[in-house]
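Trainee: This one is structure13.txt, compact mmCIF, C-alpha atoms.
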# COMPACT_ATOMS: atom_id res chain seq x y z
CA MET A 27 89.30 79.25 149.07
CA LYS A 28 89.78 82.46 147.05
CA LYS A 29 92.39 83.68 149.54
CA LEU A 30 94.31 80.41 149.31
CA THR A 31 94.28 80.55 145.50
CA ALA A 32 95.48 84.17 145.57
CA ILE A 33 98.30 83.26 147.98
CA ILE A 34 99.42 80.32 145.82
CA LEU A 35 99.35 82.45 142.65
CA SER A 36 101.29 85.22 144.40
CA ALA A 37 103.93 82.76 145.60
CA ALA A 38 104.24 81.29 142.09
CA LEU A 39 104.66 84.77 140.61
CA ILE A 40 107.34 85.68 143.15
CA LEU A 41 109.25 82.46 142.40
CA ALA A 42 109.00 83.07 138.65
CA LEU A 43 110.27 86.63 139.00
CA ALA A 44 113.12 85.51 141.24
CA ALA A 45 114.16 82.89 138.68
CA CYS A 46 114.11 85.49 135.88
CA GLY A 47 116.29 87.79 137.92
CA THR A 48 119.06 85.22 138.18
CA THR A 49 119.08 84.08 134.55
CA ASP A 50 121.53 86.70 133.27
CA ASP A 51 124.01 86.04 136.09
CA SER A 52 124.00 82.31 135.40
CA LYS A 53 124.66 82.89 131.69
CA THR A 54 127.68 85.02 132.50
CA LYS A 55 128.92 82.33 134.89
CA ASP A 56 128.40 79.61 132.28
CA ASN A 57 130.33 81.65 129.72
CA ALA A 58 133.14 82.27 132.18
CA GLU A 59 133.34 78.51 132.74
CA GLY A 60 134.11 78.07 129.06
CA LYS A 61 130.85 76.84 127.59
CA ILE A 62 131.27 79.41 124.81
CA LYS A 63 134.67 78.97 123.18
CA LEU A 64 136.49 80.56 120.28
CA GLU A 65 137.20 77.94 117.64
CA GLU A 66 139.45 78.30 114.60
CA ASN A 67 137.71 78.42 111.21
CA ASN A 68 139.87 79.24 108.15
CA GLY A 69 142.29 81.35 110.20
CA ILE A 70 139.56 83.23 112.09
CA LEU A 71 138.55 82.44 115.66
CA GLU A 72 134.76 82.28 116.01
CA ALA A 73 132.03 81.68 118.56
CA THR A 74 128.27 82.12 118.50
CA ASP A 75 126.24 82.85 121.62
CA VAL A 76 122.45 83.03 121.31
CA GLU A 77 121.76 82.93 125.04
CA GLY A 78 124.31 85.18 126.73
CA SER A 79 124.57 88.09 124.31
CA PRO A 80 125.02 91.47 125.97
CA LEU A 81 122.94 93.09 123.21
CA LYS A 82 119.17 93.35 123.43
CA ASP A 83 116.94 90.88 121.58
CA CYS A 84 119.65 89.09 119.60
CA GLY A 85 122.41 86.56 119.73
CA ILE A 86 126.00 87.36 118.86
CA HIS A 87 128.58 85.85 116.50
CA VAL A 88 132.14 86.77 117.49
CA GLN A 89 134.96 86.75 114.93
CA VAL A 90 138.59 87.39 115.89
CA ASN A 91 140.78 88.10 112.86
CA THR A 92 144.39 88.51 113.99
CA ALA A 93 145.55 89.00 110.37
CA ASP A 94 143.74 92.34 110.15
CA GLY A 95 143.72 93.02 113.91
CA THR A 96 139.95 93.11 114.35
CA VAL A 97 137.27 91.62 116.56
CA THR A 98 133.80 91.72 115.05
CA PHE A 99 130.51 91.12 116.85
CA ILE A 100 127.75 90.27 114.37
CA LYS A 101 124.18 90.35 115.62
CA THR A 102 122.31 87.07 115.06
CA ASP A 103 118.73 85.92 115.25
CA SER A 104 117.66 83.51 118.00
CA ASN A 105 118.92 80.56 115.92
CA GLY A 106 122.42 82.01 115.49
CA LYS A 107 121.95 83.16 111.88
CA ASP A 108 123.94 86.33 111.13
CA THR A 109 122.16 89.59 110.39
CA THR A 110 123.70 92.52 108.52
CA GLU A 111 124.35 94.50 111.71
CA TYR A 112 127.75 94.40 113.40
CA TYR A 113 130.33 96.09 115.65
CA LYS A 114 133.92 95.92 114.38
CA PHE A 115 136.65 96.73 116.90
CA THR A 116 140.02 97.77 115.47
CA PRO A 117 142.17 98.36 118.57
CA ALA A 118 145.24 99.54 116.61
CA LYS A 119 143.14 102.41 115.24
CA LYS A 120 141.39 102.88 118.63
CA GLU A 121 138.11 102.62 116.70
CA VAL A 122 134.83 100.73 116.64
CA GLU A 123 132.67 100.72 113.52
CA GLN A 124 129.01 99.85 113.92
CA TYR A 125 126.70 99.09 111.01
CA TYR A 126 123.09 99.70 111.99
CA TYR A 127 120.23 98.81 109.65
CA VAL A 128 116.90 100.65 109.93
CA SER A 129 114.33 98.33 108.36
CA MET A 130 111.56 100.95 108.35
CA MET A 131 113.76 103.21 106.23
CA GLY A 132 115.27 100.36 104.22
CA THR A 133 118.77 101.74 104.76
CA GLY A 134 121.73 101.46 107.05
CA PHE A 135 124.15 103.77 108.82
CA TYR A 136 127.77 103.49 109.89
CA TYR A 137 128.68 104.86 113.30
CA TYR A 138 132.29 105.36 114.42
CA PHE A 139 133.35 105.29 118.07
CA ASP A 140 136.72 106.58 119.30
CA LEU A 141 137.97 104.21 122.02
CA ASP A 142 140.37 106.80 123.49
CA ALA A 143 137.75 109.56 123.65
CA GLY A 144 135.01 107.14 124.75
CA GLU A 145 132.44 108.62 122.37
CA MET A 146 130.92 108.40 118.92
CA VAL A 147 132.76 110.79 116.61
CA ARG A 148 131.29 110.24 113.16
CA MET A 149 128.19 109.02 111.36
CA GLU A 150 127.96 107.98 107.72
CA ASP A 151 125.11 107.00 105.43
CA LYS A 152 124.91 103.67 103.61
CA ASP A 153 127.26 104.98 100.90
CA HIS A 154 129.85 106.11 103.48
CA ASN A 155 129.08 109.81 102.99
CA ASP A 156 129.71 111.75 106.20
CA SER A 157 126.38 112.77 107.72
CA THR A 158 127.67 113.78 111.16
CA GLN A 159 126.80 117.46 111.00
CA SER A 160 123.38 116.98 109.42
CA ALA A 161 122.56 114.36 112.06
CA LYS A 162 123.64 116.75 114.82
CA ASP A 163 121.64 119.60 113.29
CA GLY A 164 118.57 117.36 113.02
CA GLY A 165 118.88 115.98 116.56
CA ARG A 166 119.66 112.46 115.29
CA PHE A 167 123.20 112.12 116.66
CA ASP A 168 122.90 112.01 120.45
CA GLY A 169 120.60 108.96 120.62
CA PRO A 170 122.83 106.66 118.54
CA ALA A 171 125.93 108.06 120.29
CA LYS A 172 124.54 107.16 123.71
CA ALA A 173 123.43 103.69 122.54
CA LEU A 174 126.79 102.98 120.88
CA LYS A 175 128.71 103.98 124.00
CA ALA A 176 126.64 101.56 126.10
CA ASP A 177 127.00 98.76 123.52
CA VAL A 178 130.79 99.18 123.26
CA SER A 179 131.13 98.97 127.03
CA ALA A 180 128.85 95.92 127.21
CA LEU A 181 130.73 94.14 124.41
CA GLN A 182 134.12 94.81 126.02
CA THR A 183 132.92 93.45 129.37
CA TYR A 184 131.24 90.46 127.70
CA PHE A 185 134.40 89.56 125.77
CA GLU A 186 136.67 89.81 128.81
CA THR A 187 134.27 87.82 131.00
CA THR A 188 133.53 85.18 128.38
CA PHE A 189 136.96 84.63 126.85
CA GLY A 190 139.30 85.81 129.63
CA MET A 191 141.18 88.42 127.57
CA SER A 192 140.70 91.93 126.28
CA ILE A 193 139.54 92.65 122.76
CA ALA A 194 142.87 94.36 122.05
CA ASP A 195 144.85 91.30 123.16
CA ALA A 196 142.67 88.98 121.07
CA ALA A 197 143.02 91.17 117.97
CA ALA A 198 146.79 91.19 118.42
CA GLY A 199 146.88 87.40 118.79
CA LYS A 200 148.11 87.44 122.39
Could I get this structure in the form of structure tokens?

Mentor:
Amino acid sequence: MKKLTAIILSAALILALAACGTTDDSKTKDNAEGKIKLEENNGILEATDVEGSPLKDCGIHVQVNTADGTVTFIKTDSNGKDTTEYYKFTPAKKEVEQYYYVSMMGTGFYYYFDLDAGEMVRMEDKDHNDSTQSAKDGGRFDGPAKALKADVSALQTYFETTFGMSIADAAAGK
């Protein structure tokens, strides 16, 4: 009887793990089928996705502002409520600005990513004072730079897969 119970539990665990492994793929497919759509709101195209976000542990609110040529990805909670953290793509400047809030420190940082170079190039404190060199000297630059590079790539892929166009084309109103 114990062997039978162990076999049934093992089979259930394998099925559960197999189902978890396919969840992300199905979300991408659903998004590609148009379940998440950009809708116009006061001249800005917007969409919120709390299930298929490419960022860890959060949803995402996408805003396309063709007037200023930007696409902003605002992190949300699981209910779709915006947080203070965001990634703002400005393709004409070949730049991404990330605002990252560190709750334990009670402060935020601005990170700047050069799209042509494919790397983070600058870091600023909450008051927009350049802290790049001090962060490099203190060993606090490489970690955020690596994370930002991965996030930028994930957001670009997500946008293209979900909305069928590049971030640059969307920002330009194409």

Trainee: Using all atoms listed in the file, collect all residues at a distance of at most 12 Å from (135.6, 100.1, 115.6) as written in the file, then present them as an MDAnalysis selection string.

Mentor: chainID A and resid 95:99 112:125 136:142 144:148 174:175 177:178 181:182 193:194 197

Trainee: Just want the 12 Å neighbourhood of A:Thr109, counted on all atoms listed in the file, with same-chain residues fewer than 6 positions away dropped. Output as number ranges by chain.

Mentor: A: 84-87, 99-103, 125-127, 129

Trainee: Could you check how far atom CA of A:Ala73 sits from atom CA of A:Asp108, in Å to one decimal?

Mentor: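 About the pair atom CA of A:Ala73 and atom CA of A:Asp108: they are 11.9 Å apart.
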
Trainee: In Å, how far is it from atom CA of A:Gly199 to atom CA of A:Pro80?

Mentor: 23.4 Å

Trainee: Using all atoms listed in the file, pick whichever of A:Glu111, A:Ser104, A:Lys61, A:Met149 has the shortest atom-to-atom distance to A:Asp168.

Mentor: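 Among A:Glu111, A:Ser104, A:Lys61, A:Met149, it is A:Met149 that comes nearest to A:Asp168.
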
Trainee: Axis-aligned box over every listed atom of stretch 159-164 of chain A, padded by 5 Å per side: centre and edges in Å to one decimal, as AutoDock Vina command-line options?

Mentor:
--center_x 122.7 --center_y 117.0 --center_z 112.1 --size_x 18.2 --size_y 15.2 --size_z 15.4

Trainee: Quote the spacing between atom CA of A:Ser192 and atom CA of A:Leu81 in Å to one decimal place.

Mentor: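 These atoms are spaced 18.1 Å apart.
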
Trainee: Measuring atom to atom with only C-alpha atoms, identify which of A:Gly134, A:Asp163, A:Leu64, A:Lys82 is nearest to A:Ala176.

Mentor: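 The shortest atom-to-atom distance to A:Ala176 comes from A:Lys82.
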
Trainee: Measuring between only C-alpha atoms, which one of A:Glu150, A:Glu65, A:Glu186, A:Glu72 shows the shortest distance to A:Val90?

Mentor: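 Of all the options, A:Glu72 lies closest to A:Val90.
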
Trainee: Name all residues at most 12 Å from A:Lys63 (count all atoms listed in the file; drop same-chain ones fewer than 5 positions away) and give them as a PyMOL selection string.

Mentor: chain A and resi 56-58+71-75+87-90+185+187-190

Trainee: Could you tell me, as a list in words, which residues have any atom at most 12 Å from (128.6, 102.2, 98.9), counting all atoms listed in the file?

Mentor: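 The residues near that point, listed by chain and number, are Thr133, Gly134, Phe135, Tyr136, Glu150, Asp151, Lys152, Asp153, His154 and Asn155 of chain A.
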